[in-house]
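**Student:** Structure provided below as structure tokens; questions to follow.
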There are 2 protein chains.
Amino acid sequence: MTPVTVLGLGPMGSALASAFAAKGHPTTVWNRTPGRAPAGTREAASVRDAAGPLTLVCVIDYAAAASILDPVALKGHTLVNLTADAPHRAREMAAWAASHGIAYLDGSILTPVPTIGTASGVVIFSGPREVYAEHEATLAALGVTTHLGEEIGRAAAFDVALLDFFWTSMTGLVHAFALAGREGVSPGELAPFLTGIGAILPPIVEEFARDLATGEHPGDESTIVSARAGMAHVVETADRHGLDAAVLRAALDLADRAIEGGRGRDSYSALI
Amino acid sequence: MTPVTVLGLGPMGSALASAFAAKGHPTTVWNRTPGRAPAGTREAASVRDAAGPLTLVCVIDYAAAASILDPVALKGHTLVNLTADAPHRAREMAAWAASHGIAYLDGSILTPVPTIGTASGVVIFSGPREVYAEHEATLAALGVTTHLGEEIGRAAAFDVALLDFFWTSMTGLVHAFALAGREGVSPGELAPFLTGIGAILPPIVEEFARDLATGEHPGDESTIVSARAGMAHVVETADRHGLDAAVLRAALDLADRAIEGGRGRDSYSALI
């Protein structure tokens with residue numbers, strides 16, 4: 001079994017290390033604050049001591065990663081950066097790695113901590129195909145892995161787009177609970193209906209991808225004008241309750257601009 | 001079969017009328033612009049001519065509904081308002097209906113046009129229990145129907161909260177496609193991963209409802225600080241591409257305020 005090193009033992013880094021250890025990989029870990037090594041892993045005293053042929057890093061952002069990575073210890077090894085950040089930083093880090101003789105893959109984890117090490121875990125990678133091929137079997141310990149291409153920023157590009165959808169939706173979710181609360185609707189009453197709304201999003205994803213592929217945005221079922229009306233009812237209700245509605249107000253402003261631009265009778269996909 | 005009247009023949013009103021006609025209800029329709037009667041329905045020349053014992057209205061908002069509803073023609077009948085609007089307007093319209101001797105139910109349609117008349121259609125109602133009971137069997141032609149209680153604003157309260165989640169999420173979706181496009185990621189490549197993100201939202205709904213029920217917002221798997229870091233990568237990438245990021249920037253501002261308020265290590269549910 002290939003030895004694996006994991007740098008960073010936040011909730012996600014710890015899950016990564018545990019997943020490798022569970023599959024029988026000799027797993028070395030390091031964290032700035034010591035004493036967090038998961039069961040079955042060996043805690044190293046320093047990054048230099050920890051670094052090995054396949055070293056993963058998962059910290060808060062690339063600045064934090066850069067501050068701990070030791071180019072001397074990593075030279076000749078493969079570094080897999082599973083820290084989330086903007087695509088241009090992945091490109092910068094790839095240049096840094098190349099200048100130090102470090103093979104580099106960039107990756108993004110798309111599913112929550114409890115999925116890591118299970119068939120529900122989804123991790124995407126970009127970078128040199130032969131480096132990915134060399135470590136693919138080991139990385140499969142994390143879940144379902146996909147190589148998206150050689151352009152190093154690609155995993156982060158997918159990641160930021162997916163985070164965009166995810167965190168915007170999550171903010172809509174917390175606001176929905178808050179607004180319902182002001183109207184006397186309890187979280188337990190609302191939850192089943194919110195789940196139902198969540199279920200109608202995936203078919204809309206497919207519909208919008210088709211609209212973009214064809215360049216047609218037919219508004220025969222729902223238009224930007226009707227979307228705008230729905231959003232206005234939400235904003236108005238939030239305002240009446242003194243509840244901050246800045247997020248949906250910004251969405252309403254996008255819809256208004258599309259309507260002013262003559263796209264009001266198109267599908268919401270025309271906003272793209 | 002109970003005769004049914006549908007006022008308003010936009011895409012949703014037409015779907016409602018078709019669903020009643022398909023179940024064999026004598027269905028009368030009226031629309032401001034004539035000539036849109038779906039197959040199997042009878043088009044009336046005026047609202048007064050159209051109004052019957054069970055009259056549904058589905059137009060753009062309650063101001064539009066109020067402008068067409070004829071209190072003389074509706075007196076002694078039941079009016080079911082499936083127009084979407086803010087809860088306080090449902091309360092106003094119920095008062096208007098009561099003053100004219102009209103039995104009134106307020107309702108909201110939670111699923112898209114193609115679901116109406118199928119088992120996937122979801123319609124919620126509020127208002128007097130006996131009025132709902134009288135028409136429940138007829139309204140079941142639309143899909144799965146639920147009576148949420150007698151307080152007339154309740155259906156609209158659920159609806160605005162659900163629209164809040166839905167349209168905020170939809171705006172995140174269109175922005176994700178736009179951001180991916182700037183990074184050279186095609187809609188077809190991104191769509192399967194967006195669908196995957198959609199699938200992780202329902203369990204989070206349940207988790208947040210539990211957090212609210214217990215008043216505990218444990219950040220052991222994901223914190224507001226880490227959410228904030230993810231959102232910042234998205235906003236930074238959008239900014240680099242000159243792509244408007246006002247929606248997620250407003251979400252980031254909410255997270256910042258929560259962090260300033262000492263909730264950074266809590267779950268995102270603490271924002272509620």
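Each chain of the structure tokens is named A, B, ... in the order shown, its residues numbered from 1; ligands are numbered from 1 in display order.
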Pull the strand (DSSP E or B) assignments for stretch 67-254 of chain B out of DSSP run on the backbone, and list those residues as a PyMOL selection string.
**Tutor:** chain B and resi 78-81+103-109+122-126+144-147
**Student:** Just all heavy atoms for this one: save the residues we selected as a short mmCIF file (atom, residue, chain, number, x, y, z; two decimals), in the first residue's frame.
**Tutor:**
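Output file part.cif is given in full below:
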```
data_model
loop_
_atom_site.label_atom_id
_atom_site.label_comp_id
_atom_site.auth_asym_id
_atom_site.auth_seq_id
_atom_site.Cartn_x
_atom_site.Cartn_y
_atom_site.Cartn_z
N THR B 78 -67.70 29.82 -3.82
CA THR B 78 -66.37 29.70 -3.22
C THR B 78 -65.32 30.20 -4.20
O THR B 78 -65.31 29.79 -5.37
CB THR B 78 -66.07 28.23 -2.86
OG1 THR B 78 -66.96 27.82 -1.82
CG2 THR B 78 -64.63 28.08 -2.37
N LEU B 79 -64.48 31.09 -3.71
CA LEU B 79 -63.35 31.60 -4.50
C LEU B 79 -62.07 30.97 -3.96
O LEU B 79 -61.81 31.01 -2.75
CB LEU B 79 -63.29 33.12 -4.38
CG LEU B 79 -62.07 33.81 -5.01
CD1 LEU B 79 -62.06 33.63 -6.53
CD2 LEU B 79 -62.04 35.30 -4.64
N VAL B 80 -61.29 30.37 -4.84
CA VAL B 80 -59.99 29.80 -4.46
C VAL B 80 -58.92 30.58 -5.21
O VAL B 80 -58.86 30.56 -6.44
CB VAL B 80 -59.89 28.30 -4.82
CG1 VAL B 80 -58.52 27.75 -4.43
CG2 VAL B 80 -61.01 27.51 -4.15
N ASN B 81 -58.11 31.29 -4.45
CA ASN B 81 -57.11 32.16 -5.07
C ASN B 81 -55.76 31.44 -5.10
O ASN B 81 -55.10 31.29 -4.09
CB ASN B 81 -57.02 33.47 -4.26
CG ASN B 81 -56.23 34.52 -5.01
OD1 ASN B 81 -55.63 34.24 -6.05
ND2 ASN B 81 -56.23 35.73 -4.48
N ALA B 103 -67.25 32.65 0.07
CA ALA B 103 -66.38 31.73 0.81
C ALA B 103 -65.01 31.75 0.16
O ALA B 103 -64.89 31.77 -1.08
CB ALA B 103 -66.95 30.31 0.76
N TYR B 104 -63.96 31.78 0.98
CA TYR B 104 -62.63 32.03 0.41
C TYR B 104 -61.58 31.05 0.92
O TYR B 104 -61.43 30.84 2.13
CB TYR B 104 -62.19 33.46 0.77
CG TYR B 104 -60.88 33.88 0.17
CD1 TYR B 104 -60.76 34.10 -1.20
CD2 TYR B 104 -59.74 34.05 0.96
CE1 TYR B 104 -59.55 34.49 -1.76
CE2 TYR B 104 -58.53 34.44 0.41
CZ TYR B 104 -58.45 34.66 -0.96
OH TYR B 104 -57.25 35.04 -1.52
N LEU B 105 -60.85 30.46 -0.03
CA LEU B 105 -59.65 29.68 0.29
C LEU B 105 -58.48 30.33 -0.42
O LEU B 105 -58.59 30.78 -1.57
CB LEU B 105 -59.76 28.24 -0.22
CG LEU B 105 -60.77 27.30 0.44
CD1 LEU B 105 -60.79 25.98 -0.32
CD2 LEU B 105 -60.41 27.08 1.92
N ASP B 106 -57.36 30.37 0.25
CA ASP B 106 -56.15 30.85 -0.39
C ASP B 106 -55.25 29.64 -0.63
O ASP B 106 -55.21 28.70 0.18
CB ASP B 106 -55.44 31.86 0.50
CG ASP B 106 -54.49 32.72 -0.31
OD1 ASP B 106 -54.98 33.68 -0.95
OD2 ASP B 106 -53.29 32.41 -0.33
N GLY B 107 -54.54 29.66 -1.73
CA GLY B 107 -53.69 28.51 -2.02
C GLY B 107 -52.43 28.92 -2.76
O GLY B 107 -52.34 30.03 -3.29
N SER B 108 -51.46 28.04 -2.78
CA SER B 108 -50.22 28.27 -3.51
C SER B 108 -49.82 26.99 -4.22
O SER B 108 -49.96 25.90 -3.66
CB SER B 108 -49.10 28.70 -2.56
OG SER B 108 -49.38 29.95 -1.99
N ILE B 109 -49.33 27.17 -5.41
CA ILE B 109 -48.90 26.03 -6.24
C ILE B 109 -47.38 25.94 -6.10
O ILE B 109 -46.67 26.91 -6.38
CB ILE B 109 -49.29 26.27 -7.71
CG1 ILE B 109 -50.81 26.44 -7.81
CG2 ILE B 109 -48.79 25.13 -8.59
CD1 ILE B 109 -51.26 27.07 -9.11
N VAL B 122 -48.00 19.74 -6.51
CA VAL B 122 -48.19 20.00 -5.07
C VAL B 122 -48.86 21.36 -4.91
O VAL B 122 -48.33 22.37 -5.37
CB VAL B 122 -46.86 19.97 -4.30
CG1 VAL B 122 -47.09 20.25 -2.81
CG2 VAL B 122 -46.15 18.63 -4.48
N VAL B 123 -50.03 21.36 -4.26
CA VAL B 123 -50.77 22.60 -4.04
C VAL B 123 -51.17 22.65 -2.57
O VAL B 123 -51.67 21.66 -2.03
CB VAL B 123 -52.02 22.69 -4.94
CG1 VAL B 123 -52.65 24.09 -4.85
CG2 VAL B 123 -51.69 22.34 -6.39
N ILE B 124 -50.91 23.79 -1.93
CA ILE B 124 -51.23 23.95 -0.51
C ILE B 124 -52.35 24.98 -0.36
O ILE B 124 -52.47 25.91 -1.15
CB ILE B 124 -50.00 24.37 0.30
CG1 ILE B 124 -49.33 25.63 -0.28
CG2 ILE B 124 -48.99 23.20 0.37
CD1 ILE B 124 -48.13 26.13 0.53
N PHE B 125 -53.16 24.79 0.68
CA PHE B 125 -54.32 25.65 0.90
C PHE B 125 -54.40 26.08 2.36
O PHE B 125 -53.95 25.35 3.26
CB PHE B 125 -55.62 24.90 0.57
CG PHE B 125 -55.72 24.50 -0.88
CD1 PHE B 125 -55.25 23.26 -1.30
CD2 PHE B 125 -56.27 25.37 -1.81
CE1 PHE B 125 -55.33 22.89 -2.65
CE2 PHE B 125 -56.35 25.00 -3.15
CZ PHE B 125 -55.88 23.77 -3.56
N SER B 126 -54.99 27.25 2.59
CA SER B 126 -55.37 27.63 3.94
C SER B 126 -56.73 28.31 3.88
O SER B 126 -57.13 28.83 2.85
CB SER B 126 -54.31 28.52 4.60
OG SER B 126 -53.92 29.56 3.75
N VAL B 144 -51.24 16.59 -5.51
CA VAL B 144 -51.27 16.34 -4.07
C VAL B 144 -51.63 17.64 -3.37
O VAL B 144 -50.91 18.64 -3.51
CB VAL B 144 -49.90 15.84 -3.57
CG1 VAL B 144 -49.93 15.62 -2.06
CG2 VAL B 144 -49.50 14.56 -4.30
N THR B 145 -52.75 17.65 -2.67
CA THR B 145 -53.20 18.88 -2.02
C THR B 145 -53.10 18.72 -0.50
O THR B 145 -53.31 17.64 0.04
CB THR B 145 -54.66 19.20 -2.40
OG1 THR B 145 -55.48 18.11 -1.99
CG2 THR B 145 -54.80 19.39 -3.90
N THR B 146 -52.78 19.82 0.17
CA THR B 146 -52.65 19.82 1.63
C THR B 146 -53.33 21.05 2.19
O THR B 146 -53.13 22.16 1.68
CB THR B 146 -51.16 19.85 2.04
OG1 THR B 146 -50.47 18.78 1.40
CG2 THR B 146 -50.99 19.72 3.55
N HIS B 147 -54.12 20.87 3.24
CA HIS B 147 -54.71 22.00 3.95
C HIS B 147 -53.82 22.31 5.15
O HIS B 147 -53.60 21.45 6.00
CB HIS B 147 -56.13 21.64 4.42
CG HIS B 147 -56.83 22.76 5.10
ND1 HIS B 147 -57.17 22.74 6.43
CD2 HIS B 147 -57.25 23.96 4.62
CE1 HIS B 147 -57.78 23.88 6.74
NE2 HIS B 147 -57.85 24.63 5.66
#
```
**Student:** Pick out each residue of stretch 84-239 of chain B that DSSP on the backbone tags as alpha helix (DSSP H); I need them as a PyMOL selection string.
**Tutor:** chain B and resi 87-99+129-139+154-182+187-214+224-239
**Student:** With only C-alpha atoms as the counted atoms, please give the residues lying no more than 12 Å from B:Pro34, apart from itself and same-chain residues fewer than 5 positions off, as a list of chain:residue names.
**Tutor:**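 Once the nearby chain positions are removed, what remains is B:Leu7, B:Gly8, B:Leu9, B:Gly10, B:Val29, B:Arg42, B:Glu43, B:Ala44, B:Ala45, B:Ser46, B:Val47.
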**Student:** With distances taken over only C-alpha atoms, which of A:Ala21, A:Val235, A:Val205, A:Leu212 is nearest to A:Thr41?
**Tutor:**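 Closest to A:Thr41, using only C-alpha atoms: A:Ala21.
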**Student:** For each of B:Ala137, B:Ala15, B:Val6, B:Ala90, take the minimum atom-to-atom distance to B:Thr27, counting only C-alpha atoms, then give the residue where this is smallest.
**Tutor:**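 Ranking B:Ala137, B:Ala15, B:Val6, B:Ala90 by distance to B:Thr27, first place goes to B:Val6.
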**Student:** What does the distance between atom CA of A:Gly52 and atom CA of B:Ser226 come to in Å, to one decimal place?
**Tutor:** 27.4 Å
**Student:** From the options B:Glu221, B:Trp96, B:Ala86, B:Gly40, which residue's atoms come nearest to B:Ala66, counting only C-alpha atoms?
**Tutor:**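 Once distances to B:Ala66 are computed over only C-alpha atoms, the minimum belongs to B:Trp96.
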**Student:** At a cut-off of 9 Å, using only C-alpha atoms, what residues contact B:Ala180? Leave out same-chain residues fewer than 2 positions from it and give the result as a VMD selection string.
**Tutor:** (chain A and resid 157 to 158 160 to 162) or (chain B and resid 175 to 178 182 to 187 190)
**Student:** Output N, CA, C and O atoms of each residue in that selection to a file, as a compact mmCIF listing (two decimals), in the first residue's frame.
**Tutor:**
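Heads up, here's the output in result.txt:
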```txt
# COMPACT_ATOMS: atom_id res chain seq x y z
N ALA A 157 -11.95 25.61 -10.95
CA ALA A 157 -12.99 26.30 -11.72
C ALA A 157 -14.34 25.62 -11.52
O ALA A 157 -15.36 26.28 -11.28
N PHE A 158 -14.36 24.28 -11.62
CA PHE A 158 -15.60 23.56 -11.31
C PHE A 158 -16.01 23.85 -9.88
O PHE A 158 -17.19 24.10 -9.58
N VAL A 160 -15.43 26.42 -7.79
CA VAL A 160 -16.02 27.74 -7.48
C VAL A 160 -17.42 27.85 -8.07
O VAL A 160 -18.32 28.44 -7.45
N ALA A 161 -17.62 27.28 -9.27
CA ALA A 161 -18.97 27.35 -9.85
C ALA A 161 -19.96 26.56 -8.98
O ALA A 161 -21.08 27.00 -8.73
N LEU A 162 -19.51 25.41 -8.49
CA LEU A 162 -20.40 24.58 -7.66
C LEU A 162 -20.62 25.21 -6.29
O LEU A 162 -21.73 25.18 -5.74
N HIS B 175 -25.87 31.87 -11.90
CA HIS B 175 -24.55 32.47 -11.71
C HIS B 175 -23.45 31.42 -11.84
O HIS B 175 -22.37 31.69 -12.39
N ALA B 176 -23.72 30.21 -11.37
CA ALA B 176 -22.74 29.12 -11.48
C ALA B 176 -22.45 28.81 -12.94
O ALA B 176 -21.28 28.65 -13.33
N PHE B 177 -23.50 28.73 -13.76
CA PHE B 177 -23.29 28.49 -15.19
C PHE B 177 -22.47 29.63 -15.81
O PHE B 177 -21.59 29.40 -16.64
N ALA B 178 -22.79 30.86 -15.41
CA ALA B 178 -22.08 32.02 -15.97
C ALA B 178 -20.61 32.01 -15.56
O ALA B 178 -19.71 32.23 -16.38
N ARG B 182 -17.07 31.56 -17.87
CA ARG B 182 -15.90 32.45 -17.91
C ARG B 182 -14.60 31.68 -17.72
O ARG B 182 -13.55 32.10 -18.14
N GLU B 183 -14.70 30.53 -17.03
CA GLU B 183 -13.51 29.69 -16.79
C GLU B 183 -13.35 28.61 -17.86
O GLU B 183 -12.51 27.72 -17.73
N GLY B 184 -14.18 28.67 -18.91
CA GLY B 184 -14.04 27.70 -20.00
C GLY B 184 -14.66 26.35 -19.72
O GLY B 184 -14.37 25.37 -20.42
N VAL B 185 -15.52 26.28 -18.70
CA VAL B 185 -16.21 25.03 -18.38
C VAL B 185 -17.60 25.09 -19.01
O VAL B 185 -18.36 26.02 -18.74
N SER B 186 -17.93 24.11 -19.84
CA SER B 186 -19.19 24.16 -20.57
C SER B 186 -20.37 23.75 -19.69
O SER B 186 -20.19 23.02 -18.70
N PRO B 187 -21.60 24.19 -20.05
CA PRO B 187 -22.80 23.80 -19.28
C PRO B 187 -22.95 22.29 -19.17
O PRO B 187 -23.31 21.77 -18.11
N LEU B 190 -20.59 20.92 -16.57
CA LEU B 190 -20.90 21.31 -15.19
C LEU B 190 -22.19 20.66 -14.68
O LEU B 190 -22.30 20.35 -13.48
```
**Student:** With distances taken over only C-alpha atoms, which residue among A:Arg32, A:His241, A:Arg129, A:Arg48 lies nearest chain B?
**Tutor:**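 Selected residue with least distance to chain B: A:His241.
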**Student:** Just checking: using only C-alpha atoms, which residue out of B:Asp253, B:Glu216, B:Asp239, B:Glu130 ends up closest to A:Thr171?
**Tutor:**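 With only C-alpha atoms as the atom set, the closest residue is B:Asp253.
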**Student:** Excluding same-chain residues fewer than 6 positions from A:Thr223, what lies within 8 Å of it counting only C-alpha atoms, as a list in words?
**Tutor:**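 Here the qualifying residues turn out to be Gly264, Arg265, Asp266, Ser267 and Tyr268 of chain A.
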**Student:** Tell me which of A:Ala94, A:Ala258, A:Val4, A:Val234 sits closest to chain B, counting only C-alpha atoms.
**Tutor:**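 Under the stated criterion, the closest residue is A:Val234.
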**Student:** Leaving out B:Thr118 and any residue of its chain fewer than 5 positions from it, which residues lie within 12 Å of it when counting only C-alpha atoms, given as a PyMOL selection string?
**Tutor:** chain B and resi 15-16+18-20+22-23+111-113+123+140-145
**Student:** Got a sec: who's within 6 Å of A:His25, counting only C-alpha atoms, leaving out chain neighbours fewer than 6 positions off, as a VMD selection string?
**Tutor:** chain A and resid 1 to 3
**Student:** By how many Å are atom CA of A:Arg240 and atom CA of B:Ala246 apart?
**Tutor:**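 Going from atom CA of A:Arg240 over to atom CA of B:Ala246 covers 22.7 Å.
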